[in-house]
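Here the structure comes first, spelled out in structure tokens, and everything after it is commentary.
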There are 4 protein chains.
Amino acid sequence: MPSVIVVGASGYAGAIAASILWRHPHFELVAITAREDAGRPLTDLYPHHRVPLTLEQFDADRGADAAVVAYPHGSAAPTVAALLERGVRVVDLSADFRLRDVATYERWYVPHPHPELVPRAVYGLTELYRDRIAGADLVACPGCFPTAAILALAPLAGLVADVVIDAKTGVSGAGKAPTETTHFVAVDENVRPYGVAGHRHMPEIDQELGALGAPVPIAFVPHLVPLDQGELLSCYVTPKVALGQQDLDRLYAERYADEPFIDLVARPPGVRDVRETNICAIHVHADERTGKLLVFAAIDNLWKGTSSQAVANLNVMFGLDEREGLR
Amino acid sequence: MPSVIVVGASGYAGAIAASILWRHPHFELVAITAREDAGRPLTDLYPHHRVPLTLEQFDADRGADAAVVAYPHGSAAPTVAALLERGVRVVDLSADFRLRDVATYERWYVPHPHPELVPRAVYGLTELYRDRIAGADLVACPGCFPTAAILALAPLAGLVADVVIDAKTGVSGAGKAPTETTHFVAVDENVRPYGVAGHRHMPEIDQELGALGAPVPIAFVPHLVPLDQGELLSCYVTPKVALGQQDLDRLYAERYADEPFIDLVARPPGVRDVRETNICAIHVHADERTGKLLVFAAIDNLWKGTSSQAVANLNVMFGLDEREGLR
Amino acid sequence: MPSVIVVGASGYAGAIAASILWRHPHFELVAITAREDAGRPLTDLYPHHRVPLTLEQFDADRGADAAVVAYPHGSAAPTVAALLERGVRVVDLSADFRLRDVATYERWYVPHPHPELVPRAVYGLTELYRDRIAGADLVACPGCFPTAAILALAPLAGLVADVVIDAKTGVSGAGKAPTETTHFVAVDENVRPYGVAGHRHMPEIDQELGALGAPVPIAFVPHLVPLDQGELLSCYVTPKVALGQQDLDRLYAERYADEPFIDLVARPPGVRDVRETNICAIHVHADERTGKLLVFAAIDNLWKGTSSQAVANLNVMFGLDEREGLR
Amino acid sequence: MPSVIVVGASGYAGAIAASILWRHPHFELVAITAREDAGRPLTDLYPHHRVPLTLEQFDADRGADAAVVAYPHGSAAPTVAALLERGVRVVDLSADFRLRDVATYERWYVPHPHPELVPRAVYGLTELYRDRIAGADLVACPGCFPTAAILALAPLAGLVADVVIDAKTGVSGAGKAPTETTHFVAVDENVRPYGVAGHRHMPEIDQELGALGAPVPIAFVPHLVPLDQGELLSCYVTPKVALGQQDLDRLYAERYADEPFIDLVARPPGVRDVRETNICAIHVHADERTGKLLVFAAIDNLWKGTSSQAVANLNVMFGLDEREGLR
């Protein structure tokens with residue numbers, strides 16, 4: 001049974017990864033680490049996860065077959081480098097290895113600490129890159145918005161003349177740090193756009209949807225809504241050629257025929273439908289009034305958008321059924 | 001001091017209209033009526049409005065200078081007709097007199113009970129039709145989504161090549177009747193699109209934005225978010241010609257220079273910012289990445305989107321300062 | 001592998017029972033039934049439970065080893081009777097067999113359809129009646145408030161001079177039917193007491209705590225708070241003799257030493273800590289200022305308070321590890 | 001028209017005080033101040049208050065007839081001292097002058113910066129100390145929990161053998177600073193007790209209820225619920241002598257006969273009923289089952305519990321109708 005550690009398990013994403021791996025039938029979770037919270041039982045921070053382990057200081061020399069790294073961008077890369085050097089296969093949740101173009105990364109984030117590792121990374125959208133993930137030792141898990149955006153639009157590859165993506169997300173996406181933005185009173189009874197002038201997931205969406213033939217850059221605006229976990233993307237597509245409902249249905253059904261974690265649903269999904277699952281629920285509607293194609297995709301930003309997708313990737317990397325531990 | 005009655009004051013919108021008029025310095029609220037709840041003090045239903053009146057049965061012969069009618073579509077028209085016949089000037093909150101084309105009305109609603117009155121009605125978007133409202137005896141208050149959509153886009157009249165409107169609304173928009181949709185457990189921790197295949201505010205948006213030169217029909221999708229009052233519209237405009245931020249700012253500043261209830265705001269607004277006000281907060285952003293124009297408009301769906309706009313119209317109809325009772 | 005049916009799986013509680021049993025390693029869920037919703041896939045009503053079964057009409061003659069009956073009080077008893085007659089062992093979620101005194105039942109509920117079965121029922125609070133549950137063919141699952149109240153106070157049996165129980169509960173406790181009370185707008189931004197003059201869980205709490213030596217009747221007031229699942233009971237105990245923190249800690253530690261589903265926690269629990277678990281988290285505090293003992297108990301009203309407790313009881317009835325399917 | 005300043009208007013309470021005074025017909029709000037946020041327009045922080053003033057640095061020498069001081073405890077006293085010295089009459093929102101016993105203050109808070117001023121302060125619960133407030137130059141506004149507790153129980157003065165107070169409060173009571181506790185994700189879908197081992201409002205409740213003859217110390221536990229503004233206190237009273245519903249009703253009706261801001265309500269109040277008002281809604285129930293008296297009091301913690309009560313006190317101090325600016 002392969003051993004795995006979770007590096008940075010005191011944040012929302014790392015803790016959920018730890019929780020899933022703790023119950024995983026084919027991985028042994030041997031350690032969870034944290035920088036500031038080392039020494040505290042994880043149940044202190046997240047009683048409901050019920051993982052009876054204590055957070056440790058990270059030690060690159062502690063042996064393990066695999067690691068999930070849940071550090072912020074910039075901090076992740078050096079840790080990833082240290083792990084790779086010691087032969088540990090890594091799923092990284094940060095943005096550090098998602099963008100294939102280092103200059104683009106540096107424009108949106110920070111100077112890249114390990115640009116030499118970028119070509120080694122596989123973009124960890126399981127449904128698109130499953131084969132390459134299987135052989136990778138560094139998988140860069142997609143951001144939550146790109147995950148939903150790419151899954152929503154991949155079946156339309158080559159058919160898109162224009163697209164607008166309007167996203168609604170719960171507060172956990174902003175992370176655990178208390179800020180003016182995450183204060184209950186700021187969020188409650190509110191809904192507001194943010195990142196209008198530029199959101200870090202934009203270049204990632206452009207990179208992946210551009211590779212699929214969509215015209216980039218793509219208009220994308222996230223909105224904060226008063227809930228904790230969940231993300232809904234509403235995509236308004238102007239197609240290159242007219243497409244009817246049957247065309248749409250067939251395109252999606254074919255593209256996602258064998259996907260265990262894509263639910264093509266008959267009614268527009270709510271984020272509640274996929275809470276705490278690795279599922280992306282997708283509904284497509286050919287709008288006869290306007291000729292536009294409407295695609296709605298719902299995920300749990302902390303699960304499919306981050307941590308459970310990481311575990312699906314680990315499953316693939318270690319030759320397991322992709323669904324292990326995620327049913 | 002003109003006397004006014006509120007017909008249908010047991011619903012959310014009628015009750016708020018009653019509450020505003022009860023405190024209005026220049027109208028005398030002489031009666032509030034309800035069908036099922038006649039005989040009950042309004043404080044029974046809405047303690048927080050603190051209007052010490054009792055709901056009565058509607059009596060068209062009870063004299064009054066004006067009436068706010070807050071009945072559902074189909075039920076409103078006969079009541080409006082009875083009031084007009086007796087010389088009462090009416091602000092109607094229903095959809096019955098919003099659509100100038102009766103056939104369109106009948107396609108989306110019901111057979112029209114009083115098509116002969118449709119030409120007599122003025123569309124009650126104060127900012128656009130102030131002059132005609134002043135002389136009207138029948139004002140059809142716009143739907144909440146059209147109110148925000150039209151205010152968001154009116155300054156771009158003639159400049160729009162394509163537009164997508166993504167709306168987020170609180171639950172009060174669905175009315176007071178308990179349904180599967182308004183059950184707390186269905187809404188809580190959820191966000192979901194609805195009316196995807198057709199929402200009744202679509203023809204109204206098309207009618208008004210089409211009149212302003214926008215290409216119709218317009219893609220419009222509302223989403224339900226877990227809050228009670230508030231509505232945010234995110235409009236993604238492809239302009240006919242390139243427009244920069246300065247152009248945009250100037251267009252909006254000029255169009256809304258003297259408007260007491262339009263706030264042009266420097267940051268994308270949240271619906272909290274306009275709660276329980278007659279204000280529409282608008283933020284415009286020329287998106288250099290994509291060339292699109294992003295326009296965000298926030299209103300309180302029950303206030304500016306319904307009841308306070310009704311009072312603003314009453315003010316205009318009776319020659320008062322538009323702001324009376326709404327400061 | 002014993003077969004089990006869930007009767008009344010279209011409500012919140014029945015659906016969760018079905019969801020747990022569908023994934024249970026040692027029961028086979030052979031049918032789920034509903035009265036009005038027969039014919040609909042359960043995913044139509046509860047997409048997130050992901051139980052791929054279709055609701056059927058109830059048929060007492062369909063064979064099964066066990067049944068979970070999730071009907072309202074009054075409707076449950078005849079169904080339970082029919083099942084028992086056919087040798088099916090039953091866990092009943094209704095109030096029909098909780099109260100040992102039929103007259104008390106009839107004062108709070110309805111004329112009892114099957115009083116002759118009352119003596120046959122075992123009160124299904126697993127932690128207290130495990131031995132008798134093992135041999136029972138009719139187990140009456142406790143109400144959600146009594147579950148938490150009894151677990152909170154059982155270790156103080158015989159030591160209580162007076163007790164006040166103040167409960168806070170989420171909306172799902174009121175069931176799936178849309179009512180004025182469960183409307184989002186009524187609950188949101190609100191907290192209010194209800195059932196002040198009499199709540200149906202009162203006699204049940206009195207029956208069980210009285211049996212443990214507490215002075216009854218007991219002051220108990222539930223409050224509705226804006227969340228979906230979760231229940232917190234704050235118990236204010238005046239002890240017969242002074243008890244310090246160490247006494248308290250020892251009493252609870254001893255009483256609950258081997259309980260898999262009782263968490264004695266060092267800090268006052270929040271309901272989030274036990275969401276979607278069969279756990280009752282308890283915190284005790286000897287208040288030196290006042291001499292009172294404060295006991296806080298948190299459960300998920302739909303899980304430990306209803307459906308997962310039902311499954312724990314099924315486990316016990318069929319000689320399985322109590323934790324099967326509930327980890 | 002008396003001039004007034006609000007010192008510390010960048011916090012929730014100060015901002016609301018500023019908002020009420022800005023619209024007050026008989027006070028002129030001449031300045032609002034802040035420590036860190038000086039220089040920012042108040043609309044930057046609180047768009048919805050729509051107060052078009054800019055925060056200034058505090059200057060004790062800026063003349064004014066009155067000041068509302070909204071600083072944290074410890075910081076308030078020196079500012080209050082400076083203002084009093086210059087003849088400015090002060091309503092202080094902090095705890096610095098609420099406790100008549102300096103030793104008690106220092107046990108719960110910090111060393112008192114100005115103990116010599118304590119005897120000069122009048123406890124600003126308008127309903128109890130109206131006469132002394134009229135002549136005061138230093139009024140110490142009560143904490144939010146004491147406000148509701150005292151109003152709930154004052155009519156029972158001398159009749160109480162034992163009392164338990166269980167409070168539920170929204171998040172704004174914790175202030176504007178982002179903390180782990182106020183993070184949306186910590187509060188959402190949660191309800192939890194806090195301050196169990198000691199809350200700073202305890203000595204204040206004891207001081208005031210003790211003065212009214214209640215047996216102190218009093219058991220008091222606050223709970224955090226997922227809403228922004230609002231506070232409900234549930235009081236469980238064991239009376240010295242049996243009291244029936246009619247006795248109770250008479251006691252409360254007499255005590256509060258002429259109070260403009262006490263609503264004796266026939267049904268248990270929800271906090272929504274009093275949102276953004278200076279009203280305390282009270283419901284009393286003589287519980288025949290247990291002999292206990294149940295008293296429920298709902299206030300808006302930021303209004304009646306803090307800022308609007310401050311304005312009511314200012315009205316009293318300056319000989320105005322207590323209701324001015326608060327209708």
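Residue names in the structure tokens use chain letters A, B, ... in the order shown, residue numbers from 1 in each chain, and ligand numbers from 1 in the order shown.
Near Tyr71 in chain B, within 10 Å and counting only C-alpha atoms, sit Val7, Gly8, Ala9, Ser10, Gly11, Ala13, Gly14, Ala34, Arg35, Val68, Val69, His73, Gly74, Ser75, Ala76, Ala77, Thr79, Val80, Asp92, Leu93, Ser94, Ala95 and Asp96 of chain B; same-chain residues fewer than 2 positions away were not included.
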Item to check | Residue list (strand (DSSP E or B), DSSP) for range 59-239 of chain B, as a PyMOL selection string | outcome: chain B and resi 66-69+89-92+122-123+138-140+160-169+183+192-193+219-224+231-239
Residues of chain D within 6 Å of chain B, only C-alpha atoms counted, as an mmCIF file with N, CA and C atoms, in the first residue's frame:
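Writing the result to out.cif gives the following:
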```
data_model
loop_
_atom_site.group_PDB
_atom_site.id
_atom_site.type_symbol
_atom_site.label_atom_id
_atom_site.label_comp_id
_atom_site.auth_asym_id
_atom_site.auth_seq_id
_atom_site.Cartn_x
_atom_site.Cartn_y
_atom_site.Cartn_z
ATOM 1 N N PRO D 47 -20.975 51.687 2.519
ATOM 2 C CA PRO D 47 -21.742 52.373 1.460
ATOM 3 C C PRO D 47 -23.215 52.513 1.826
ATOM 4 N N HIS D 48 -23.777 51.502 2.477
ATOM 5 C CA HIS D 48 -25.223 51.512 2.686
ATOM 6 C C HIS D 48 -25.666 52.526 3.736
ATOM 7 N N ASP D 273 -37.919 40.788 13.794
ATOM 8 C CA ASP D 273 -39.004 41.728 14.098
ATOM 9 C C ASP D 273 -38.492 43.090 14.561
ATOM 10 N N VAL D 274 -37.272 43.127 15.068
ATOM 11 C CA VAL D 274 -36.770 44.378 15.650
ATOM 12 C C VAL D 274 -35.513 44.882 14.955
#
```
Item to check | Spatial neighbours of Asp206 in chain A, 12 Å, only C-alpha atoms, chain gap at least 3 places, as a PyMOL selection string | outcome: (chain A and resi 98-101+104+145-146+149-150+153+163+165+199-203+209-220) or (chain B and resi 289-290)
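Near Leu21 in chain C, within 8 Å and counting only C-alpha atoms, sit Phe27, Glu28, Leu29, Val311 and Gly325 of chain C, not including residues fewer than 6 positions from it in the same chain.
Contact shell of Pro25 in chain D at 10 Å (only C-alpha atoms; same-chain neighbours under 5 positions omitted): Met1, Ile20, Glu324 and Gly325 of chain D.
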Checklist entry - Contacts of Ala121 in chain D at 8 Å or less, counting only C-alpha atoms, minus same-chain residues fewer than 4 places along, as an MDAnalysis selection string? => result chainID D and resid 97:98 117 136:140
Go ahead and save the residues from that selection, with C-alpha atoms, as a compact mmCIF listing (two decimals), in the first residue's frame.
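Okay, part36.txt is ready:
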```txt
# COMPACT_ATOMS: atom_id res chain seq x y z
CA PHE D 97 -17.96 53.29 32.91
CA ARG D 98 -20.63 50.63 33.17
CA LEU D 117 -14.76 59.33 36.67
CA ALA D 136 -25.73 63.49 33.30
CA ASP D 137 -22.66 64.57 31.44
CA LEU D 138 -21.35 60.99 31.21
CA VAL D 139 -23.65 58.16 30.23
CA ALA D 140 -22.31 54.63 30.01
```
